[in-house]
$ cat entry.cif   # mmCIF, C-alpha atoms
data_input
#
loop_
_atom_site.label_atom_id
_atom_site.label_comp_id
_atom_site.auth_asym_id
_atom_site.auth_seq_id
_atom_site.Cartn_x
_atom_site.Cartn_y
_atom_site.Cartn_z
CA MET X 1 83.35 89.40 100.55
CA LYS X 2 82.57 87.61 103.80
CA LYS X 3 84.56 88.44 106.84
CA GLY X 4 84.35 87.13 110.37
CA PRO X 5 83.32 89.29 113.31
CA LYS X 6 86.90 89.91 114.39
CA SER X 7 87.94 90.96 110.89
CA ALA X 8 84.98 93.34 110.68
CA ARG X 9 85.85 94.97 114.00
CA ILE X 10 89.47 95.37 112.98
CA PHE X 11 88.41 96.89 109.65
CA PHE X 12 86.20 99.53 111.29
CA ASN X 13 88.61 100.26 114.13
CA ASP X 14 91.64 100.58 111.84
CA SER X 15 89.71 102.87 109.51
CA PHE X 16 88.89 105.14 112.43
CA ARG X 17 92.50 105.06 113.63
CA PHE X 18 93.65 106.07 110.13
CA LEU X 19 91.69 109.33 110.35
CA ALA X 20 92.45 109.98 114.01
CA GLY X 21 96.13 109.28 113.43
CA THR X 22 96.42 112.07 110.86
CA CYS X 23 95.38 114.52 113.58
CA VAL X 24 98.19 113.41 115.90
CA PHE X 25 100.77 114.67 113.39
CA GLN X 26 99.10 118.04 113.00
CA PRO X 27 96.15 119.46 114.98
CA PRO X 28 94.21 122.24 113.23
CA LEU X 29 96.27 125.39 113.55
CA CYS X 30 93.17 127.41 114.39
CA ILE X 31 93.82 125.86 117.82
CA ARG X 32 96.50 128.39 118.62
CA LYS X 33 96.99 127.90 122.37
CA PRO X 34 99.64 125.25 123.17
CA LEU X 35 97.50 123.69 125.90
CA CYS X 36 94.51 123.32 123.56
CA ALA X 37 96.70 121.81 120.85
CA ALA X 38 98.16 119.36 123.37
CA VAL X 39 94.67 118.31 124.47
CA PHE X 40 93.64 117.88 120.83
CA ARG X 41 96.63 115.62 120.19
CA LEU X 42 95.88 113.66 123.35
CA LEU X 43 92.28 113.02 122.29
CA ALA X 44 93.31 112.07 118.76
CA GLY X 45 96.00 109.78 120.15
CA TYR X 46 93.49 108.12 122.44
CA CYS X 47 91.18 107.47 119.51
CA THR X 48 94.13 106.16 117.51
CA GLN X 49 95.03 103.66 120.20
CA ASN X 50 91.54 102.66 121.36
CA SER X 51 88.95 103.77 118.76
CA ARG X 52 86.20 103.43 121.39
CA PRO X 53 83.60 105.27 119.28
CA PHE X 54 83.84 102.59 116.61
CA HIS X 55 83.61 99.79 119.15
CA ILE X 56 79.94 100.74 119.53
CA PHE X 57 79.40 100.69 115.78
CA SER X 58 81.26 97.43 115.30
CA PHE X 59 79.17 95.82 118.08
CA PHE X 60 76.04 96.32 116.01
CA THR X 61 77.76 95.02 112.87
CA LYS X 62 78.92 91.87 114.66
CA THR X 63 77.28 88.59 113.81
CA HIS X 64 76.48 86.98 117.17
CA SER X 65 76.84 83.23 117.27
CA GLU X 66 77.21 80.50 119.81
CA PRO X 67 80.79 80.09 121.06
CA SER X 68 82.64 77.23 119.47
CA ALA X 69 85.32 74.99 120.87
CA ARG X 70 87.92 77.22 119.23
CA ASP X 71 86.56 80.29 121.05
CA GLU X 72 86.61 78.55 124.42
CA ALA X 73 90.15 77.20 124.03
CA PRO X 74 92.78 78.99 126.12
CA ALA X 75 94.99 81.42 124.21
CA GLU X 76 98.31 80.00 123.17
CA LYS X 77 101.44 81.86 124.24
CA VAL X 78 103.42 83.00 121.23
CA GLY X 79 107.10 83.90 121.39
CA ILE X 80 108.95 86.23 119.05
CA ARG X 81 110.62 83.35 117.20
CA LYS X 82 107.29 81.62 116.59
CA ALA X 83 105.68 84.87 115.49
CA PHE X 84 108.35 85.59 112.89
CA SER X 85 108.31 81.96 111.77
CA SER X 86 104.54 82.08 111.25
CA ILE X 87 104.78 85.34 109.32
CA ALA X 88 107.59 83.99 107.12
CA ARG X 89 105.49 80.94 106.18
CA ASN X 90 102.61 83.18 105.10
CA ASP X 91 104.01 84.60 101.87
CA GLN X 92 100.90 86.69 101.18
CA LEU X 93 101.19 88.33 104.60
CA VAL X 94 104.85 89.09 103.94
CA TRP X 95 104.02 90.87 100.70
CA CYS X 96 101.14 92.70 102.39
CA ALA X 97 103.61 93.92 105.01
CA VAL X 98 106.04 95.14 102.33
CA VAL X 99 103.29 96.97 100.43
CA PHE X 100 101.80 98.43 103.59
CA LEU X 101 105.19 99.71 104.78
CA ILE X 102 105.84 101.49 101.48
CA PHE X 103 102.32 102.88 101.53
CA SER X 104 102.61 104.04 105.16
CA VAL X 105 105.72 106.06 104.35
CA ALA X 106 104.05 107.55 101.27
CA GLN X 107 100.80 108.56 102.94
CA THR X 108 102.36 110.15 106.05
CA LEU X 109 105.38 111.88 104.48
CA MET X 110 103.66 115.10 103.46
CA GLY X 111 101.67 115.27 106.71
CA GLY X 112 104.80 114.58 108.75
CA GLY X 113 105.73 118.27 108.62
CA LEU X 114 106.65 118.93 104.99
CA SER X 115 103.25 120.35 104.00
CA VAL X 116 103.24 122.65 107.05
CA THR X 117 106.66 124.02 106.18
CA TYR X 118 105.85 124.46 102.49
CA LEU X 119 102.59 126.29 103.16
CA TYR X 120 104.43 128.57 105.59
CA PHE X 121 106.98 129.35 102.88
CA GLU X 122 104.30 130.12 100.29
CA PHE X 123 101.54 131.82 102.30
CA GLY X 124 103.24 133.01 105.45
CA TYR X 125 102.51 132.09 109.05
CA ASN X 126 98.78 131.58 108.47
CA GLY X 127 97.17 128.96 110.70
CA LEU X 128 93.73 129.28 109.11
CA LEU X 129 94.91 128.28 105.63
CA LEU X 130 96.85 125.36 107.01
CA SER X 131 93.82 124.14 108.96
CA ILE X 132 91.62 124.30 105.85
CA PHE X 133 94.22 122.38 103.85
CA SER X 134 94.45 119.54 106.38
CA ILE X 135 90.85 119.32 107.61
CA LEU X 136 89.27 119.09 104.15
CA GLY X 137 91.47 116.11 103.35
CA ASN X 138 90.36 114.33 106.52
CA VAL X 139 86.70 115.06 105.76
CA ALA X 140 87.09 113.64 102.26
CA GLY X 141 88.63 110.47 103.72
CA ALA X 142 85.75 110.10 106.18
CA VAL X 143 83.19 110.42 103.39
CA LEU X 144 84.99 107.78 101.35
CA MET X 145 84.87 105.38 104.29
CA LEU X 146 81.09 105.80 104.45
CA VAL X 147 80.64 104.86 100.78
CA PHE X 148 83.36 102.22 100.65
CA ALA X 149 80.92 99.34 101.12
CA ALA X 150 78.97 100.46 98.04
CA LEU X 151 82.19 100.80 96.02
CA SER X 152 83.46 97.37 97.06
CA GLY X 153 80.15 95.88 95.90
CA ARG X 154 80.57 97.30 92.40
CA PHE X 155 84.31 97.01 91.84
CA THR X 156 86.98 94.41 92.58
CA ARG X 157 89.79 95.02 95.05
CA ALA X 158 92.29 95.15 92.20
CA GLN X 159 90.28 97.88 90.47
CA LEU X 160 89.91 99.92 93.66
CA MET X 161 93.59 99.52 94.49
CA LYS X 162 94.57 100.75 91.04
CA ALA X 163 92.18 103.70 91.24
CA GLY X 164 93.46 104.64 94.70
CA ALA X 165 97.15 104.43 93.85
CA PHE X 166 96.95 106.27 90.53
CA GLY X 167 94.41 108.77 91.88
CA ALA X 168 96.68 109.65 94.80
CA ALA X 169 99.72 109.89 92.51
CA ALA X 170 97.75 112.20 90.18
CA GLY X 171 96.78 114.32 93.18
CA TYR X 172 100.43 114.71 94.17
CA LEU X 173 101.34 115.61 90.61
CA CYS X 174 98.67 118.33 90.57
CA ILE X 175 99.97 119.66 93.90
CA MET X 176 103.46 119.93 92.42
CA LEU X 177 102.30 121.59 89.19
CA SER X 178 100.06 124.03 91.05
CA GLY X 179 102.88 124.99 93.38
CA LEU X 180 105.47 125.40 90.65
CA PHE X 181 103.50 127.25 87.96
CA ILE X 182 100.92 129.40 89.77
CA PRO X 183 102.67 132.56 91.01
CA ARG X 184 102.50 133.65 94.64
CA GLU X 185 100.70 136.83 93.64
CA MET X 186 97.67 134.67 92.69
CA TRP X 187 97.69 133.18 96.19
CA ALA X 188 93.93 132.47 96.36
CA LEU X 189 93.96 130.43 93.14
CA LYS X 190 97.18 128.71 94.15
CA PHE X 191 95.87 127.71 97.57
CA THR X 192 92.57 126.51 96.07
CA MET X 193 94.36 124.30 93.54
CA LEU X 194 96.70 122.92 96.21
CA THR X 195 93.76 122.09 98.49
CA VAL X 196 91.66 120.45 95.76
CA SER X 197 94.66 118.42 94.59
CA ASN X 198 95.29 117.34 98.17
CA LEU X 199 91.69 116.08 98.36
CA PHE X 200 92.34 113.71 95.46
CA ALA X 201 95.61 112.55 97.00
CA PHE X 202 93.92 111.91 100.35
CA LEU X 203 90.97 110.10 98.75
CA GLY X 204 93.31 107.80 96.84
CA GLN X 205 95.40 107.05 99.90
CA THR X 206 92.32 106.31 102.00
CA LEU X 207 91.09 103.90 99.36
CA VAL X 208 94.44 102.09 99.29
CA TYR X 209 94.46 101.92 103.08
CA LEU X 210 91.00 100.32 103.23
CA ILE X 211 91.95 97.75 100.61
CA MET X 212 95.13 96.87 102.50
CA ILE X 213 93.17 96.26 105.72
CA ILE X 214 91.02 93.72 103.85
CA CYS X 215 94.06 92.13 102.20
CA ILE X 216 95.81 91.63 105.53
CA ALA X 217 92.62 90.20 107.07
CA ASN X 218 92.28 87.73 104.20
CA THR X 219 95.71 86.29 104.91
CA VAL X 220 94.20 84.69 108.04
CA GLU X 221 92.14 82.33 105.88
CA TYR X 222 95.11 81.90 103.54
CA ASN X 223 97.27 80.87 106.49
CA GLU X 224 94.67 78.37 107.68
CA TRP X 225 94.20 76.99 104.17
CA LYS X 226 97.97 76.63 103.71
CA THR X 227 99.10 75.47 107.18
CA GLY X 228 95.93 74.44 109.01
CA ARG X 229 96.39 77.23 111.59
CA ARG X 230 94.59 80.59 111.60
CA GLU X 231 96.98 82.52 113.90
CA GLU X 232 94.82 85.64 113.82
CA GLY X 233 96.74 87.37 116.61
CA ILE X 234 100.02 87.11 114.72
CA VAL X 235 98.49 88.23 111.43
CA PHE X 236 96.70 91.25 112.86
CA SER X 237 99.76 92.34 114.85
CA VAL X 238 101.62 93.02 111.60
CA ARG X 239 99.65 96.18 110.70
CA PRO X 240 100.32 98.19 113.91
CA PHE X 241 103.97 97.15 113.85
CA ILE X 242 104.37 98.28 110.24
CA THR X 243 102.56 101.54 111.03
CA LYS X 244 104.99 102.36 113.85
CA LEU X 245 107.96 101.40 111.68
CA GLY X 246 106.64 103.58 108.87
CA THR X 247 106.23 106.53 111.25
CA ALA X 248 109.85 106.20 112.36
CA LEU X 249 111.06 106.04 108.75
CA VAL X 250 109.01 109.15 107.89
CA GLN X 251 110.60 111.14 110.71
CA LEU X 252 114.03 110.15 109.44
CA LEU X 253 113.13 110.94 105.83
CA VAL X 254 111.71 114.35 106.75
CA LEU X 255 114.98 115.22 108.51
CA VAL X 256 116.99 114.10 105.47
CA ILE X 257 114.80 116.20 103.14
CA TYR X 258 115.14 119.29 105.35
CA LEU X 259 118.93 118.86 105.36
CA ALA X 260 119.09 118.22 101.60
CA VAL X 261 116.92 121.23 100.74
CA GLY X 262 118.76 123.42 103.25
CA VAL X 263 115.83 124.57 105.38
CA ARG X 264 116.65 122.80 108.64
CA ALA X 265 117.88 126.05 110.20
CA VAL X 266 114.63 127.77 109.22
CA THR X 267 112.41 125.09 110.76
CA ASN X 268 114.53 125.17 113.93
CA GLN X 269 114.12 128.94 114.22
CA ILE X 270 110.35 128.66 113.81
CA SER X 271 110.19 125.92 116.42
CA ASP X 272 112.32 127.95 118.86
CA LEU X 273 110.07 131.01 118.47
CA GLU X 274 106.92 128.94 118.98
CA ASN X 275 108.40 127.37 122.11
CA ALA X 276 109.44 130.77 123.43
CA ALA X 277 105.90 132.08 122.91
CA SER X 278 104.35 129.06 124.63
CA GLN X 279 106.62 129.65 127.64
CA GLY X 280 105.67 133.34 127.79
CA LEU X 281 109.15 134.58 126.90
CA ILE X 282 107.80 136.55 123.93
CA THR X 283 104.32 137.75 122.99
CA ILE X 284 102.16 136.21 120.26
CA ALA X 285 102.54 139.37 118.17
CA GLU X 286 106.32 139.22 118.56
CA LYS X 287 106.38 135.56 117.59
CA THR X 288 104.26 136.17 114.47
CA GLU X 289 106.40 139.11 113.38
CA ARG X 290 109.71 137.32 113.87
CA ILE X 291 108.52 134.12 112.17
CA GLY X 292 107.29 136.25 109.26
CA ALA X 293 110.77 137.73 108.92
CA VAL X 294 112.34 134.26 108.97
CA LEU X 295 109.96 132.99 106.28
CA ALA X 296 110.57 136.05 104.09
CA SER X 297 114.27 135.18 103.99
CA VAL X 298 113.67 131.73 102.44
CA PRO X 299 114.58 131.70 98.71
CA SER X 300 111.83 130.56 96.32
CA GLY X 301 114.14 127.85 95.00
CA LYS X 302 114.22 126.11 98.36
CA SER X 303 110.44 126.26 98.60
CA ALA X 304 110.15 124.69 95.14
CA ALA X 305 112.68 121.97 96.04
CA LEU X 306 110.69 121.13 99.18
CA LEU X 307 107.51 120.95 97.11
CA VAL X 308 109.08 118.51 94.64
CA CYS X 309 110.33 116.27 97.45
CA MET X 310 107.00 116.14 99.28
CA THR X 311 105.08 115.22 96.11
CA VAL X 312 107.37 113.16 93.88
CA ILE X 313 108.57 110.82 96.65
CA PRO X 314 105.07 109.85 97.89
CA ALA X 315 103.77 109.46 94.33
CA ALA X 316 106.68 107.18 93.39
CA LEU X 317 106.24 105.12 96.56
CA LEU X 318 102.51 104.71 95.99
CA LEU X 319 103.04 103.48 92.44
CA ALA X 320 105.80 101.12 93.62
CA ALA X 321 103.46 99.74 96.30
CA TYR X 322 100.72 99.21 93.72
CA PHE X 323 102.95 97.33 91.26
CA ILE X 324 104.27 95.06 94.03
CA TYR X 325 100.68 94.40 95.10
CA ARG X 326 99.60 93.62 91.55
CA VAL X 327 102.43 91.15 90.96
CA LYS X 328 102.80 89.48 94.37
CA TYR X 329 99.37 89.53 96.03
CA THR X 330 97.39 86.64 94.57
CA ILE X 331 94.30 86.40 96.82
CA THR X 332 91.43 87.52 94.60
CA GLU X 333 87.75 87.51 95.57
CA GLU X 334 87.29 84.20 93.74
CA SER X 335 90.32 82.49 95.26
CA TYR X 336 89.33 83.73 98.71
CA GLU X 337 85.85 82.22 98.42
CA ALA X 338 87.39 78.98 97.16
CA MET X 339 89.73 78.89 100.18
CA VAL X 340 86.83 79.47 102.57
CA ARG X 341 84.85 76.61 101.02
CA ASP X 342 87.90 74.35 101.23
CA ILE X 343 88.47 75.28 104.91
CA GLU X 344 84.81 74.66 105.77
CA ALA X 345 84.94 71.29 104.03
CA ARG X 346 88.02 70.31 106.07
CA ARG X 347 86.33 71.38 109.28
CA ALA X 348 83.20 69.44 108.41
CA ALA X 349 85.30 66.36 107.73
CA LYS X 350 86.92 66.73 111.16
CA GLY X 351 83.59 67.43 112.87
CA GLU X 352 84.52 71.03 113.78
CA THR X 353 82.16 73.99 113.72
CA ALA X 354 83.10 77.13 111.84
CA GLU X 355 83.91 80.20 113.84
#

$ encode --input "entry.cif" --output "structure tokens"
Amino acid sequence: MKKGPKSARIFFNDSFRFLAGTCVFQPPLCIRKPLCAAVFRLLAGYCTQNSRPFHIFSFFTKTHSEPSARDEAPAEKVGIRKAFSSIARNDQLVWCAVVFLIFSVAQTLMGGGLSVTYLYFEFGYNGLLLSIFSILGNVAGAVLMLVFAALSGRFTRAQLMKAGAFGAAAGYLCIMLSGLFIPREMWALKFTMLTVSNLFAFLGQTLVYLIMIICIANTVEYNEWKTGRREEGIVFSVRPFITKLGTALVQLLVLVIYLAVGVRAVTNQISDLENAASQGLITIAEKTERIGAVLASVPSGKSAALLVCMTVIPAALLLAAYFIYRVKYTITEESYEAMVRDIEARRAAKGETAE
């Protein structure tokens, strides 16, 4: 599929932000000192907002061309009313926003704190295991991004979207089954199965994310084909807005789950002890011992209920997002190429040069 320079840069930058953003929620717990963890979050947040490393890569992937009249035209000021009006007219962008919001909640719910709490309940206050669980998922996502171009050349977007959604849902199902049926005494096997299952969930979610970036970018041409206006700035502003909205909804949903399961008091106690240790009020050994005692008091039923919530909800949301995408998103590879040819023909008739 052909994409303009701006679309290519947004694709690479957003992909990098996707990986960096997962680190903002949870730095590796092998970084035990609060100051080091804060610096790690700061660096990950900077990459999430700026993605400077990928600016270099995207520069070399950019197709350099002579500036056109469109490029030299002054930017038009867009108000909130005009922005929402433009989005509402672009029905494909609206459905992309709906799908992306559902997906954003699904893919960040477990990493929003639920997985940390569950692993504490099952394996104790062990930062090394938690780091392995989270880092391997990020590495798998990075590898998938490297081979995505080859995959997109062999399979259609619809096929990749289906594979990603069902693969991620299967990964969540395996996480739930591994957590429910492998006893704690076989902790090594249980942790291995949870980690491997999480790899599949993360791979599927990364694949869905990459497809959604392309789908949103393609609504620029759809908007121009339908209305005669590209309005790239408005189209590409939808993704970061939906991401922030999804993050807020995840924080609310995590709180609701903690309250429903009945572990809010436990998470507050752990947080208080960690804060006390970071302020020097108690020693690290004291903190570890007291958190261990708190975790030992958690009934296994509450741990199982938390596991079900953090796997069933994301899996259901991912499948819902996929079915909405399949029914409502109509821009296929063939229709996209047809739109591009139609747009170029209109420009040629008007004597304009393509961007």

$ atom_distance --input "entry.cif" --atom1 "atom CA of X:Asn275" --atom2 "atom CA of X:Thr288"
12.4 Å

$ residues_around --input "entry.cif" --residues "X:Lys226" --least-positions-apart "6" --cutoff "12 Å" --atoms "all atoms listed in the file" --output "PyMOL selection string"
chain X and resi 86+89-92+219-220+339-340+342-343

$ closest_residue --input "entry.cif" --among "X:Arg341, X:Arg239, X:Arg264, X:Lys287" --to "X:Cys96" --atoms "all atoms listed in the file"
X:Arg239

$ resolve_selection --input "entry.cif" --expression "the PyMOL selection byres ((chain X and resi 170-174) around 8)" --output "number ranges by chain"
X: 166-169, 175-178, 193-194, 197-201, 311-312, 314-315

$ resolve_selection --input "entry.cif" --expression "the PyMOL selection byres ((chain X and resi 298-306) around 10)" --output "list in words"
Leu114, Ser115, Thr117, Tyr118, Leu119, Tyr120, Phe121, Glu122, Met176, Gly179, Leu180, Arg184, Ile257, Tyr258, Ala260, Val261, Gly262, Val263, Val266, Ala293, Val294, Leu295, Ala296, Ser297, Leu307, Val308, Cys309, Met310 and Thr311 of chain X

$ build_atoms --input "entry.cif" --residues "stretch 108-120 of chain X" --atoms "N, CA, C and O atoms" --output "PDB file, in the coordinates of the input"
ATOM      1  N   THR X 108     102.110 109.274 104.897  1.00  0.00           N
ATOM      2  CA  THR X 108     102.360 110.150 106.050  1.00  0.00           C
ATOM      3  C   THR X 108     103.501 111.140 105.820  1.00  0.00           C
ATOM      4  O   THR X 108     103.724 112.014 106.657  1.00  0.00           O
ATOM      5  N   LEU X 109     104.210 111.030 104.697  1.00  0.00           N
ATOM      6  CA  LEU X 109     105.380 111.880 104.480  1.00  0.00           C
ATOM      7  C   LEU X 109     105.004 113.352 104.418  1.00  0.00           C
ATOM      8  O   LEU X 109     105.587 114.187 105.118  1.00  0.00           O
ATOM      9  N   MET X 110     104.017 113.698 103.608  1.00  0.00           N
ATOM     10  CA  MET X 110     103.660 115.100 103.460  1.00  0.00           C
ATOM     11  C   MET X 110     103.068 115.647 104.757  1.00  0.00           C
ATOM     12  O   MET X 110     103.329 116.791 105.148  1.00  0.00           O
ATOM     13  N   GLY X 111     102.260 114.826 105.451  1.00  0.00           N
ATOM     14  CA  GLY X 111     101.670 115.270 106.710  1.00  0.00           C
ATOM     15  C   GLY X 111     102.618 115.212 107.880  1.00  0.00           C
ATOM     16  O   GLY X 111     102.274 115.652 108.985  1.00  0.00           O
ATOM     17  N   GLY X 112     103.821 114.673 107.668  1.00  0.00           N
ATOM     18  CA  GLY X 112     104.800 114.580 108.750  1.00  0.00           C
ATOM     19  C   GLY X 112     105.533 115.871 109.010  1.00  0.00           C
ATOM     20  O   GLY X 112     106.499 115.881 109.770  1.00  0.00           O
ATOM     21  N   GLY X 113     105.111 116.967 108.395  1.00  0.00           N
ATOM     22  CA  GLY X 113     105.730 118.270 108.620  1.00  0.00           C
ATOM     23  C   GLY X 113     106.079 119.005 107.350  1.00  0.00           C
ATOM     24  O   GLY X 113     106.201 120.240 107.342  1.00  0.00           O
ATOM     25  N   LEU X 114     106.236 118.288 106.238  1.00  0.00           N
ATOM     26  CA  LEU X 114     106.650 118.930 104.990  1.00  0.00           C
ATOM     27  C   LEU X 114     105.582 119.887 104.456  1.00  0.00           C
ATOM     28  O   LEU X 114     105.900 120.984 103.994  1.00  0.00           O
ATOM     29  N   SER X 115     104.308 119.475 104.514  1.00  0.00           N
ATOM     30  CA  SER X 115     103.250 120.350 104.000  1.00  0.00           C
ATOM     31  C   SER X 115     103.125 121.609 104.843  1.00  0.00           C
ATOM     32  O   SER X 115     102.878 122.701 104.314  1.00  0.00           O
ATOM     33  N   VAL X 116     103.300 121.479 106.165  1.00  0.00           N
ATOM     34  CA  VAL X 116     103.240 122.650 107.050  1.00  0.00           C
ATOM     35  C   VAL X 116     104.326 123.643 106.663  1.00  0.00           C
ATOM     36  O   VAL X 116     104.070 124.844 106.487  1.00  0.00           O
ATOM     37  N   THR X 117     105.534 123.149 106.518  1.00  0.00           N
ATOM     38  CA  THR X 117     106.660 124.020 106.180  1.00  0.00           C
ATOM     39  C   THR X 117     106.470 124.674 104.824  1.00  0.00           C
ATOM     40  O   THR X 117     106.707 125.887 104.663  1.00  0.00           O
ATOM     41  N   TYR X 118     106.030 123.894 103.832  1.00  0.00           N
ATOM     42  CA  TYR X 118     105.850 124.460 102.490  1.00  0.00           C
ATOM     43  C   TYR X 118     104.780 125.555 102.483  1.00  0.00           C
ATOM     44  O   TYR X 118     104.970 126.622 101.876  1.00  0.00           O
ATOM     45  N   LEU X 119     103.657 125.290 103.140  1.00  0.00           N
ATOM     46  CA  LEU X 119     102.590 126.290 103.160  1.00  0.00           C
ATOM     47  C   LEU X 119     103.019 127.545 103.907  1.00  0.00           C
ATOM     48  O   LEU X 119     102.611 128.657 103.548  1.00  0.00           O
ATOM     49  N   TYR X 120     103.854 127.399 104.935  1.00  0.00           N
ATOM     50  CA  TYR X 120     104.430 128.570 105.590  1.00  0.00           C
ATOM     51  C   TYR X 120     105.270 129.379 104.609  1.00  0.00           C
ATOM     52  O   TYR X 120     105.188 130.609 104.553  1.00  0.00           O
TER      53      TYR X 120
END
